[in-house]
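Q: Data: model_30.tsv, TSV, N, CA and C atoms.
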chain	number	residue	atom	x	y	z
F	1	MET	N	-30.13	-6.69	32.04
F	1	MET	CA	-30.36	-8.10	32.27
F	1	MET	C	-31.31	-8.61	31.19
F	2	TYR	N	-31.10	-9.84	30.77
F	2	TYR	CA	-31.88	-10.47	29.72
F	2	TYR	C	-32.65	-11.63	30.34
F	3	ARG	N	-33.91	-11.85	29.91
F	3	ARG	CA	-34.76	-12.84	30.57
F	3	ARG	C	-35.59	-13.61	29.55
F	4	ALA	N	-35.76	-14.92	29.81
F	4	ALA	CA	-36.64	-15.77	28.99
F	4	ALA	C	-37.38	-16.74	29.92
F	5	PHE	N	-38.64	-17.04	29.57
F	5	PHE	CA	-39.44	-18.04	30.28
F	5	PHE	C	-39.82	-19.14	29.30
F	6	THR	N	-39.57	-20.39	29.67
F	6	THR	CA	-39.99	-21.54	28.88
F	6	THR	C	-40.44	-22.63	29.86
F	7	GLU	N	-41.64	-23.18	29.64
F	7	GLU	CA	-42.13	-24.28	30.48
F	7	GLU	C	-42.07	-23.91	31.97
F	8	ASN	N	-42.38	-22.66	32.30
F	8	ASN	CA	-42.35	-22.15	33.69
F	8	ASN	C	-40.96	-22.18	34.32
F	9	ILE	N	-39.94	-22.15	33.48
F	9	ILE	CA	-38.57	-22.04	33.97
F	9	ILE	C	-38.02	-20.73	33.44
F	10	GLU	N	-37.49	-19.92	34.35
F	10	GLU	CA	-36.97	-18.60	34.02
F	10	GLU	C	-35.45	-18.66	33.92
F	11	VAL	N	-34.92	-18.06	32.86
F	11	VAL	CA	-33.47	-17.95	32.69
F	11	VAL	C	-33.14	-16.47	32.52
F	12	THR	N	-32.27	-15.95	33.38
F	12	THR	CA	-31.80	-14.58	33.24
F	12	THR	C	-30.29	-14.60	33.03
F	13	VAL	N	-29.82	-13.65	32.23
F	13	VAL	CA	-28.39	-13.55	31.93
F	13	VAL	C	-27.96	-12.10	32.11
F	14	GLU	N	-26.83	-11.92	32.77
F	14	GLU	CA	-26.25	-10.59	32.94
F	14	GLU	C	-24.79	-10.64	32.48
F	15	PRO	N	-24.49	-10.02	31.33
F	15	PRO	CA	-23.10	-10.02	30.83
F	15	PRO	C	-22.29	-8.86	31.40
F	16	PHE	N	-20.97	-9.07	31.49
F	16	PHE	CA	-20.03	-8.07	32.00
F	16	PHE	C	-18.79	-8.07	31.12
F	17	TYR	N	-18.36	-6.92	30.68
F	17	TYR	CA	-17.12	-6.81	29.92
F	17	TYR	C	-15.95	-6.88	30.90
F	18	LEU	N	-14.94	-7.69	30.60
F	18	LEU	CA	-13.77	-7.86	31.48
F	18	LEU	C	-12.58	-7.11	30.88
F	19	GLU	N	-12.50	-5.84	31.20
F	19	GLU	CA	-11.45	-4.98	30.64
F	19	GLU	C	-10.06	-5.50	30.99
F	20	GLU	N	-9.88	-5.98	32.22
F	20	GLU	CA	-8.56	-6.43	32.67
F	20	GLU	C	-8.07	-7.68	31.93
F	21	GLN	N	-8.98	-8.46	31.36
F	21	GLN	CA	-8.58	-9.65	30.61
F	21	GLN	C	-8.58	-9.42	29.10
F	22	SER	N	-9.04	-8.25	28.70
F	22	SER	CA	-9.13	-7.92	27.27
F	22	SER	C	-7.91	-7.15	26.82
F	23	SER	N	-7.62	-7.27	25.54
F	23	SER	CA	-6.51	-6.54	24.93
F	23	SER	C	-6.93	-6.11	23.51
F	24	PRO	N	-7.62	-4.96	23.42
F	24	PRO	CA	-8.11	-4.51	22.12
F	24	PRO	C	-7.01	-4.40	21.06
F	25	ASP	N	-5.78	-4.02	21.45
F	25	ASP	CA	-4.68	-3.92	20.49
F	25	ASP	C	-4.35	-5.27	19.85
F	26	GLU	N	-4.71	-6.36	20.55
F	26	GLU	CA	-4.47	-7.71	20.04
F	26	GLU	C	-5.77	-8.39	19.60
F	27	SER	N	-6.83	-7.59	19.43
F	27	SER	CA	-8.16	-8.10	19.04
F	27	SER	C	-8.64	-9.21	19.97
F	28	ARG	N	-8.49	-8.97	21.26
F	28	ARG	CA	-8.97	-9.92	22.28
F	28	ARG	C	-9.90	-9.17	23.22
F	29	TYR	N	-11.16	-9.60	23.23
F	29	TYR	CA	-12.20	-8.99	24.04
F	29	TYR	C	-12.86	-10.12	24.84
F	30	VAL	N	-13.00	-9.90	26.14
F	30	VAL	CA	-13.48	-10.98	27.01
F	30	VAL	C	-14.67	-10.48	27.84
F	31	TRP	N	-15.70	-11.31	27.90
F	31	TRP	CA	-16.87	-11.03	28.72
F	31	TRP	C	-17.10	-12.19	29.67
F	32	ALA	N	-17.65	-11.86	30.83
F	32	ALA	CA	-18.20	-12.87	31.74
F	32	ALA	C	-19.71	-12.70	31.68
F	33	TYR	N	-20.42	-13.75	32.04
F	33	TYR	CA	-21.87	-13.63	32.14
F	33	TYR	C	-22.33	-14.50	33.31
F	34	ARG	N	-23.34	-13.97	34.00
F	34	ARG	CA	-23.92	-14.69	35.14
F	34	ARG	C	-25.33	-15.13	34.74
F	35	VAL	N	-25.58	-16.43	34.89
F	35	VAL	CA	-26.87	-17.01	34.53
F	35	VAL	C	-27.58	-17.46	35.80
F	36	THR	N	-28.87	-17.12	35.89
F	36	THR	CA	-29.71	-17.61	36.98
F	36	THR	C	-30.88	-18.37	36.36
F	37	ILE	N	-31.10	-19.58	36.86
F	37	ILE	CA	-32.20	-20.43	36.40
F	37	ILE	C	-33.14	-20.64	37.58
F	38	ILE	N	-34.42	-20.33	37.41
F	38	ILE	CA	-35.40	-20.48	38.48
F	38	ILE	C	-36.52	-21.40	38.00
F	39	ASN	N	-36.80	-22.43	38.79
F	39	ASN	CA	-37.87	-23.37	38.46
F	39	ASN	C	-39.18	-22.88	39.08
F	40	HIS	N	-40.01	-22.23	38.27
F	40	HIS	CA	-41.33	-21.76	38.71
F	40	HIS	C	-42.40	-22.81	38.49
F	41	SER	N	-42.03	-23.98	37.97
F	41	SER	CA	-43.01	-25.03	37.71
F	41	SER	C	-43.29	-25.81	39.00
F	42	ASP	N	-44.21	-26.76	38.91
F	42	ASP	CA	-44.53	-27.58	40.08
F	42	ASP	C	-43.91	-28.97	40.00
F	43	ILE	N	-42.91	-29.12	39.11
F	43	ILE	CA	-42.22	-30.40	38.99
F	43	ILE	C	-40.71	-30.21	39.12
F	44	PRO	N	-40.00	-31.20	39.68
F	44	PRO	CA	-38.54	-31.11	39.71
F	44	PRO	C	-37.96	-31.36	38.32
F	45	VAL	N	-36.89	-30.64	38.01
F	45	VAL	CA	-36.22	-30.77	36.72
F	45	VAL	C	-34.71	-30.79	36.94
F	46	GLN	N	-34.01	-31.32	35.95
F	46	GLN	CA	-32.56	-31.35	36.00
F	46	GLN	C	-32.00	-30.85	34.68
F	47	LEU	N	-30.99	-29.97	34.76
F	47	LEU	CA	-30.33	-29.47	33.56
F	47	LEU	C	-29.35	-30.54	33.09
F	48	ARG	N	-29.52	-31.00	31.85
F	48	ARG	CA	-28.68	-32.08	31.33
F	48	ARG	C	-27.60	-31.61	30.37
F	49	SER	N	-27.92	-30.60	29.53
F	49	SER	CA	-26.92	-30.14	28.56
F	49	SER	C	-27.23	-28.72	28.13
F	50	ARG	N	-26.28	-28.15	27.39
F	50	ARG	CA	-26.40	-26.78	26.92
F	50	ARG	C	-25.97	-26.69	25.47
F	51	THR	N	-26.53	-25.71	24.78
F	51	THR	CA	-26.12	-25.37	23.43
F	51	THR	C	-26.03	-23.85	23.36
F	52	TRP	N	-24.88	-23.34	22.98
F	52	TRP	CA	-24.68	-21.90	22.83
F	52	TRP	C	-24.39	-21.58	21.37
F	53	LYS	N	-24.94	-20.47	20.90
F	53	LYS	CA	-24.60	-19.93	19.59
F	53	LYS	C	-23.94	-18.58	19.86
F	54	ILE	N	-22.67	-18.45	19.46
F	54	ILE	CA	-21.88	-17.24	19.71
F	54	ILE	C	-21.56	-16.60	18.36
F	55	THR	N	-21.96	-15.34	18.19
F	55	THR	CA	-21.76	-14.64	16.93
F	55	THR	C	-20.96	-13.37	17.17
F	56	ASP	N	-19.88	-13.19	16.41
F	56	ASP	CA	-19.09	-11.97	16.57
F	56	ASP	C	-19.60	-10.86	15.65
F	57	ALA	N	-18.98	-9.69	15.71
F	57	ALA	CA	-19.44	-8.52	14.94
F	57	ALA	C	-19.30	-8.71	13.43
F	58	HIS	N	-18.52	-9.68	12.98
F	58	HIS	CA	-18.37	-9.96	11.56
F	58	HIS	C	-19.35	-11.02	11.07
F	59	GLY	N	-20.22	-11.49	11.98
F	59	GLY	CA	-21.20	-12.51	11.61
F	59	GLY	C	-20.68	-13.93	11.69
F	60	ARG	N	-19.44	-14.11	12.13
F	60	ARG	CA	-18.91	-15.47	12.31
F	60	ARG	C	-19.62	-16.10	13.51
F	61	THR	N	-20.08	-17.32	13.32
F	61	THR	CA	-20.85	-17.99	14.37
F	61	THR	C	-20.16	-19.29	14.78
F	62	GLU	N	-20.15	-19.51	16.07
F	62	GLU	CA	-19.62	-20.75	16.64
F	62	GLU	C	-20.72	-21.36	17.50
F	63	GLU	N	-20.89	-22.68	17.41
F	63	GLU	CA	-21.86	-23.36	18.25
F	63	GLU	C	-21.09	-24.23	19.25
F	64	VAL	N	-21.48	-24.12	20.51
F	64	VAL	CA	-20.84	-24.88	21.58
F	64	VAL	C	-21.90	-25.73	22.25
F	65	ARG	N	-21.64	-27.05	22.31
F	65	ARG	CA	-22.56	-27.99	22.97
F	65	ARG	C	-21.80	-28.78	24.01
F	66	GLY	N	-22.51	-29.17	25.06
F	66	GLY	CA	-21.86	-30.00	26.05
F	66	GLY	C	-22.80	-30.38	27.17
F	67	PRO	N	-22.36	-31.32	28.01
F	67	PRO	CA	-23.18	-31.74	29.15
F	67	PRO	C	-23.18	-30.67	30.24
F	68	GLY	N	-24.32	-30.49	30.89
F	68	GLY	CA	-24.43	-29.61	32.04
F	68	GLY	C	-23.90	-28.21	31.80
F	69	VAL	N	-23.57	-27.55	32.90
F	69	VAL	CA	-22.97	-26.21	32.88
F	69	VAL	C	-21.88	-26.17	33.94
F	70	VAL	N	-20.76	-25.61	33.61
F	70	VAL	CA	-19.58	-25.51	34.50
F	70	VAL	C	-19.35	-26.81	35.28
F	71	GLY	N	-19.46	-27.94	34.58
F	71	GLY	CA	-19.18	-29.24	35.18
F	71	GLY	C	-20.29	-29.78	36.07
F	72	GLU	N	-21.46	-29.15	36.07
F	72	GLU	CA	-22.56	-29.61	36.93
F	72	GLU	C	-23.82	-29.84	36.11
F	73	GLU	N	-24.70	-30.69	36.64
F	73	GLU	CA	-26.03	-30.90	36.08
F	73	GLU	C	-27.02	-30.65	37.21
F	74	PRO	N	-27.30	-29.36	37.48
F	74	PRO	CA	-28.10	-29.02	38.67
F	74	PRO	C	-29.52	-29.58	38.63
F	75	PHE	N	-29.99	-30.01	39.80
F	75	PHE	CA	-31.34	-30.53	40.02
F	75	PHE	C	-32.12	-29.42	40.72
F	76	LEU	N	-33.25	-29.03	40.13
F	76	LEU	CA	-34.04	-27.91	40.68
F	76	LEU	C	-35.44	-28.38	41.05
F	77	LYS	N	-35.72	-28.40	42.35
F	77	LYS	CA	-37.07	-28.68	42.81
F	77	LYS	C	-37.93	-27.45	42.55
F	78	PRO	N	-39.26	-27.58	42.60
F	78	PRO	CA	-40.10	-26.40	42.42
F	78	PRO	C	-39.68	-25.28	43.37
F	79	GLY	N	-39.50	-24.08	42.81
F	79	GLY	CA	-39.09	-22.93	43.61
F	79	GLY	C	-37.59	-22.75	43.76
F	80	ASP	N	-36.79	-23.76	43.39
F	80	ASP	CA	-35.33	-23.67	43.50
F	80	ASP	C	-34.75	-22.78	42.40
F	81	SER	N	-33.57	-22.24	42.71
F	81	SER	CA	-32.83	-21.50	41.69
F	81	SER	C	-31.38	-21.99	41.69
F	82	TYR	N	-30.71	-21.75	40.58
F	82	TYR	CA	-29.31	-22.13	40.42
F	82	TYR	C	-28.63	-21.00	39.66
F	83	GLN	N	-27.44	-20.62	40.11
F	83	GLN	CA	-26.70	-19.54	39.46
F	83	GLN	C	-25.27	-19.99	39.20
F	84	TYR	N	-24.75	-19.60	38.03
F	84	TYR	CA	-23.36	-19.87	37.70
F	84	TYR	C	-22.82	-18.74	36.84
F	85	SER	N	-21.52	-18.66	36.76
F	85	SER	CA	-20.85	-17.68	35.90
F	85	SER	C	-19.90	-18.39	34.96
F	86	SER	N	-19.75	-17.82	33.77
F	86	SER	CA	-18.82	-18.34	32.78
F	86	SER	C	-18.32	-17.17	31.97
F	87	GLY	N	-17.60	-17.46	30.88
F	87	GLY	CA	-17.03	-16.38	30.09
F	87	GLY	C	-16.98	-16.70	28.62
F	88	CYS	N	-16.69	-15.64	27.84
F	88	CYS	CA	-16.63	-15.78	26.39
F	88	CYS	C	-15.62	-14.79	25.82
F	89	PRO	N	-14.58	-15.27	25.13
F	89	PRO	CA	-13.67	-14.37	24.42
F	89	PRO	C	-14.12	-14.20	22.97
F	90	LEU	N	-13.90	-13.01	22.43
F	90	LEU	CA	-14.15	-12.74	21.01
F	90	LEU	C	-12.96	-12.00	20.43
F	91	THR	N	-12.88	-12.00	19.12
F	91	THR	CA	-11.83	-11.22	18.44
F	91	THR	C	-12.39	-9.88	17.95
F	92	THR	N	-13.67	-9.60	18.23
F	92	THR	CA	-14.29	-8.33	17.88
F	92	THR	C	-14.83	-7.67	19.15
F	93	SER	N	-15.06	-6.37	19.08
F	93	SER	CA	-15.46	-5.63	20.28
F	93	SER	C	-16.95	-5.76	20.61
F	94	SER	N	-17.67	-6.55	19.84
F	94	SER	CA	-19.07	-6.81	20.15
F	94	SER	C	-19.48	-8.15	19.56
F	95	GLY	N	-20.60	-8.64	20.04
F	95	GLY	CA	-21.13	-9.90	19.55
F	95	GLY	C	-22.44	-10.21	20.23
F	96	MET	N	-22.94	-11.42	19.98
F	96	MET	CA	-24.20	-11.88	20.55
F	96	MET	C	-24.04	-13.33	21.00
F	97	MET	N	-24.80	-13.69	22.02
F	97	MET	CA	-24.89	-15.08	22.44
F	97	MET	C	-26.35	-15.43	22.64
F	98	SER	N	-26.70	-16.67	22.34
F	98	SER	CA	-28.04	-17.19	22.59
F	98	SER	C	-27.90	-18.70	22.72
F	99	GLY	N	-28.97	-19.35	23.13
F	99	GLY	CA	-28.86	-20.80	23.24
F	99	GLY	C	-30.04	-21.44	23.91
F	100	SER	N	-29.80	-22.67	24.38
F	100	SER	CA	-30.85	-23.42	25.06
F	100	SER	C	-30.21	-24.41	26.03
F	101	TYR	N	-31.00	-24.79	27.01
F	101	TYR	CA	-30.64	-25.85	27.95
F	101	TYR	C	-31.59	-27.01	27.71
F	102	MET	N	-31.07	-28.23	27.77
F	102	MET	CA	-31.91	-29.42	27.71
F	102	MET	C	-32.17	-29.82	29.15
F	103	MET	N	-33.44	-29.83	29.51
F	103	MET	CA	-33.85	-30.17	30.86
F	103	MET	C	-34.52	-31.54	30.86
F	104	GLN	N	-34.53	-32.19	32.04
F	104	GLN	CA	-35.20	-33.48	32.17
F	104	GLN	C	-36.23	-33.41	33.27
F	105	ASN	N	-37.43	-33.90	32.97
F	105	ASN	CA	-38.54	-33.94	33.91
F	105	ASN	C	-38.27	-35.04	34.96
F	106	HIS	N	-38.42	-34.70	36.24
F	106	HIS	CA	-38.22	-35.68	37.31
F	106	HIS	C	-39.47	-35.83	38.18
F	107	GLU	N	-40.66	-35.72	37.56
F	107	GLU	CA	-41.90	-35.87	38.30
F	107	GLU	C	-42.18	-37.36	38.48
F	108	ALA	N	-41.95	-37.87	39.68
F	108	ALA	CA	-42.10	-39.31	39.95
F	108	ALA	C	-43.51	-39.78	39.64
F	109	GLY	N	-43.58	-40.89	38.91
F	109	GLY	CA	-44.85	-41.51	38.59
F	109	GLY	C	-45.58	-40.88	37.41
F	110	SER	N	-45.10	-39.76	36.92
F	110	SER	CA	-45.74	-39.09	35.80
F	110	SER	C	-45.39	-39.81	34.50
F	111	PRO	N	-46.30	-39.81	33.52
F	111	PRO	CA	-45.96	-40.40	32.22
F	111	PRO	C	-44.83	-39.62	31.54
F	112	ASP	N	-44.61	-38.38	31.97
F	112	ASP	CA	-43.53	-37.57	31.40
F	112	ASP	C	-42.22	-37.69	32.16
F	113	GLU	N	-42.18	-38.54	33.21
F	113	GLU	CA	-40.95	-38.68	33.98
F	113	GLU	C	-39.80	-39.11	33.06
F	114	GLY	N	-38.70	-38.40	33.14
F	114	GLY	CA	-37.54	-38.70	32.32
F	114	GLY	C	-37.53	-37.98	30.98
F	115	LYS	N	-38.67	-37.36	30.62
F	115	LYS	CA	-38.77	-36.66	29.33
F	115	LYS	C	-37.82	-35.47	29.29
F	116	LEU	N	-37.15	-35.32	28.14
F	116	LEU	CA	-36.26	-34.18	27.92
F	116	LEU	C	-37.02	-33.08	27.20
F	117	PHE	N	-36.73	-31.83	27.55
F	117	PHE	CA	-37.34	-30.69	26.87
F	117	PHE	C	-36.36	-29.53	26.91
F	118	ALA	N	-36.44	-28.68	25.89
F	118	ALA	CA	-35.51	-27.55	25.76
F	118	ALA	C	-36.13	-26.29	26.34
F	119	ILE	N	-35.29	-25.50	27.00
F	119	ILE	CA	-35.70	-24.17	27.44
F	119	ILE	C	-34.74	-23.14	26.83
F	120	THR	N	-35.26	-21.96	26.61
F	120	THR	CA	-34.52	-20.90	25.92
F	120	THR	C	-33.59	-20.14	26.85
F	121	ILE	N	-32.38	-19.92	26.38
F	121	ILE	CA	-31.47	-18.96	27.01
F	121	ILE	C	-31.68	-17.67	26.21
F	122	PRO	N	-32.02	-16.54	26.85
F	122	PRO	CA	-32.29	-15.34	26.07
F	122	PRO	C	-31.06	-14.87	25.30
F	123	ALA	N	-31.28	-14.34	24.11
F	123	ALA	CA	-30.19	-13.74	23.35
F	123	ALA	C	-29.71	-12.50	24.10
F	124	PHE	N	-28.39	-12.33	24.16
F	124	PHE	CA	-27.85	-11.14	24.83
F	124	PHE	C	-26.64	-10.62	24.07
F	125	SER	N	-26.43	-9.31	24.20
F	125	SER	CA	-25.33	-8.69	23.46
F	125	SER	C	-24.08	-8.59	24.32
F	126	LEU	N	-22.97	-8.68	23.65
F	126	LEU	CA	-21.65	-8.51	24.26
F	126	LEU	C	-21.08	-7.25	23.62
F	127	ASP	N	-21.03	-6.18	24.39
F	127	ASP	CA	-20.57	-4.90	23.85
F	127	ASP	C	-19.50	-4.32	24.76
F	128	MET	N	-18.41	-3.88	24.16
F	128	MET	CA	-17.36	-3.19	24.91
F	128	MET	C	-17.91	-1.83	25.32
F	129	PRO	N	-17.84	-1.48	26.60
F	129	PRO	CA	-18.38	-0.18	27.04
F	129	PRO	C	-17.76	0.98	26.27
F	130	GLY	N	-18.61	1.95	25.88
F	130	GLY	CA	-18.14	3.13	25.19
F	130	GLY	C	-17.79	2.91	23.73
F	131	HIS	N	-18.05	1.72	23.22
F	131	HIS	CA	-17.72	1.41	21.83
F	131	HIS	C	-19.00	1.11	21.08
F	132	ARG	N	-19.19	1.75	19.97
F	132	ARG	CA	-20.37	1.51	19.13
F	132	ARG	C	-20.11	0.32	18.22
F	133	PRO	N	-20.92	-0.76	18.35
F	133	PRO	CA	-20.68	-1.92	17.48
F	133	PRO	C	-20.97	-1.62	16.02
F	134	VAL	N	-20.13	-2.18	15.17
F	134	VAL	CA	-20.32	-2.07	13.72
F	134	VAL	C	-20.47	-3.48	13.19
F	135	LEU	N	-21.69	-3.81	12.75
F	135	LEU	CA	-21.93	-5.14	12.22
F	135	LEU	C	-21.77	-5.13	10.72
F	136	ASN	N	-20.99	-6.09	10.22
F	136	ASN	CA	-20.77	-6.20	8.78
F	136	ASN	C	-21.70	-7.22	8.18
Once you've parsed the file, please lay out its structure as structure tokens.
A:
Amino acid sequence: MYRAFTENIEVTVEPFYLEEQSSPDESRYVWAYRVTIINHSDIPVQLRSRTWKITDAHGRTEEVRGPGVVGEEPFLKPGDSYQYSSGCPLTTSSGMMSGSYMMQNHEAGSPDEGKLFAITIPAFSLDMPGHRPVLN
């Protein structure tokens, strides 16, 4: 499991190789990952957008940006957590993902109410089990 803390918000990621959806003979490798976001701060926040950087074993990088996660913009009161799962296909048997979420402060009456701030998604590796990655 991979973990990052930013602004008292914890993000953990657990990747899983999906052998049944992968086809190494066709250079298709698929992973799922489960993300948990926990608001350890004393203010409510809302996840507004995401940015992912996906790098394959050949160093090719793709950046993915969009609103929310899996069609949602979760609102997290202090102590709340939110979990979702998604996936990533690659044409190589290993790679890396990292990124950030743009959060919005919802502390009523605060001068920072409505302020956007970024939190880190920890970098994590995507590795086919039993296969040694070769980075070029």
Q: Using only C-alpha atoms, determine which residues lie at most 10 Å from region 20-23 of chain F, disregarding the query and same-chain residues fewer than 3 positions distant; provide the list as a PyMOL selection string.
A: chain F and resi 17+26-31+89-91+93+128
Q: With N, CA and C atoms retained, export the selected residues as a CSV table (one decimal), in the coordinates of the input.
A:
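What ended up in selection13.csv:
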chain,number,residue,atom,x,y,z
F,17,TYR,N,-18.4,-6.9,30.7
F,17,TYR,CA,-17.1,-6.8,29.9
F,17,TYR,C,-16.0,-6.9,30.9
F,26,GLU,N,-4.7,-6.4,20.6
F,26,GLU,CA,-4.5,-7.7,20.0
F,26,GLU,C,-5.8,-8.4,19.6
F,27,SER,N,-6.8,-7.6,19.4
F,27,SER,CA,-8.2,-8.1,19.0
F,27,SER,C,-8.6,-9.2,20.0
F,28,ARG,N,-8.5,-9.0,21.3
F,28,ARG,CA,-9.0,-9.9,22.3
F,28,ARG,C,-9.9,-9.2,23.2
F,29,TYR,N,-11.2,-9.6,23.2
F,29,TYR,CA,-12.2,-9.0,24.0
F,29,TYR,C,-12.9,-10.1,24.8
F,30,VAL,N,-13.0,-9.9,26.1
F,30,VAL,CA,-13.5,-11.0,27.0
F,30,VAL,C,-14.7,-10.5,27.8
F,31,TRP,N,-15.7,-11.3,27.9
F,31,TRP,CA,-16.9,-11.0,28.7
F,31,TRP,C,-17.1,-12.2,29.7
F,89,PRO,N,-14.6,-15.3,25.1
F,89,PRO,CA,-13.7,-14.4,24.4
F,89,PRO,C,-14.1,-14.2,23.0
F,90,LEU,N,-13.9,-13.0,22.4
F,90,LEU,CA,-14.2,-12.7,21.0
F,90,LEU,C,-13.0,-12.0,20.4
F,91,THR,N,-12.9,-12.0,19.1
F,91,THR,CA,-11.8,-11.2,18.4
F,91,THR,C,-12.4,-9.9,18.0
F,93,SER,N,-15.1,-6.4,19.1
F,93,SER,CA,-15.5,-5.6,20.3
F,93,SER,C,-17.0,-5.8,20.6
F,128,MET,N,-18.4,-3.9,24.2
F,128,MET,CA,-17.4,-3.2,24.9
F,128,MET,C,-17.9,-1.8,25.3
Q: Counting all atoms listed in the file, figure out which residue out of F:Thr36, F:Phe5, F:Asp127, F:Lys115 gets nearest to Thr92 (chain F).
A: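 Among the listed residues, F:Asp127 lies closest to Thr92 (chain F).
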Q: Give the answer as one residue: which of F:Ser100, F:Ser85, F:Ser41, F:Thr55 has the shortest atom-to-atom distance to Ala118 (chain F), using all atoms listed in the file?
A: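 Under the stated criterion, the closest residue is F:Ser100.
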Q: Is it possible to get the residues within 8 Å of (-30.6, -19.7, 20.5) (coordinates as in the file, counting all atoms listed in the file) written as JSON, numbers by chain?
A: {"F": [51, 52, 53, 97, 98, 99, 100, 120, 121, 122, 123]}
Q: Per DSSP on the backbone, what are the helix (DSSP H, G or I) residues of chain F, as a ChimeraX atom specification?
A: /F:19-21,24-26
Q: Can you work out the spacing between atom N of Ile54 (chain F) and atom C of Gly95 (chain F) in Å, to one decimal?
A: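 Between these atoms lies a distance of 8.3 Å.
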Q: Have a look at CA of Lys77 (chain F) and CA of Gln46 (chain F) and let me know their distance in Å, one decimal.
A: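 Going from CA of Lys77 (chain F) over to CA of Gln46 (chain F), I get 8.6 Å.
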Q: I need the residue nearest His106 (chain F) from this list: F:Pro78, F:Pro24, F:Pro67, F:Gly59. Use only C-alpha atoms for the distance.
A: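 For His106 (chain F), the nearest of the given residues is F:Pro78.
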Q: Counting only C-alpha atoms, which of F:Gly68, F:Pro111, F:Pro129, F:Pro15 gets nearest to Tyr33 (chain F)?
A: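 Of F:Gly68, F:Pro111, F:Pro129, F:Pro15, the one nearest Tyr33 (chain F) is F:Pro15, counting only C-alpha atoms.
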Q: Counting all atoms listed in the file, figure out which residue out of F:Arg65, F:Arg50, F:His40, F:His58 gets nearest to Met103 (chain F).
A: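 For Met103 (chain F), the nearest of the given residues is F:Arg50.
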Q: Considering only C-alpha atoms, state which residue in the set F:Ser49, F:Ser81, F:Asn39, F:Thr61 is at the smallest distance from Phe117 (chain F).
A: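 Of F:Ser49, F:Ser81, F:Asn39, F:Thr61, the one nearest Phe117 (chain F), counting only C-alpha atoms, is F:Ser49.
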Q: When you draw a straight line from atom N of Gly87 (chain F) to atom C of Arg60 (chain F), how long is it in Å?
A: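 We find that atom N of Gly87 (chain F) and atom C of Arg60 (chain F) lie 17.5 Å from each other.
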Q: Could you pull out all residues of chain F with a DSSP call of strand (DSSP E or B) and give them as a ChimeraX atom specification?
A: /F:2-6,9-17,23,28-39,45-56,61-67,69,72,75-76,81-90,94-105,116-127
Q: Please provide as a compact mmCIF listing (two decimals) with N, CA and C atoms, in the coordinates of the input all residues within 8 Å of Tyr82 (chain F), with the sequence filter that same-chain residues fewer than 4 positions apart are discarded (counting only N, CA and C atoms).
A:
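Writing done, so here's around39.txt:
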# COMPACT_ATOMS: atom_id res chain seq x y z
N VAL F 35 -25.58 -16.43 34.89
CA VAL F 35 -26.87 -17.01 34.53
C VAL F 35 -27.58 -17.46 35.80
N THR F 36 -28.87 -17.12 35.89
CA THR F 36 -29.71 -17.61 36.98
C THR F 36 -30.88 -18.37 36.36
N ILE F 37 -31.10 -19.58 36.86
CA ILE F 37 -32.20 -20.43 36.40
C ILE F 37 -33.14 -20.64 37.58
N ILE F 38 -34.42 -20.33 37.41
CA ILE F 38 -35.40 -20.48 38.48
C ILE F 38 -36.52 -21.40 38.00
N ASN F 39 -36.80 -22.43 38.79
CA ASN F 39 -37.87 -23.37 38.46
C ASN F 39 -39.18 -22.88 39.08
N PRO F 74 -27.30 -29.36 37.48
CA PRO F 74 -28.10 -29.02 38.67
C PRO F 74 -29.52 -29.58 38.63
N PHE F 75 -29.99 -30.01 39.80
CA PHE F 75 -31.34 -30.53 40.02
C PHE F 75 -32.12 -29.42 40.72
N LEU F 76 -33.25 -29.03 40.13
CA LEU F 76 -34.04 -27.91 40.68
C LEU F 76 -35.44 -28.38 41.05
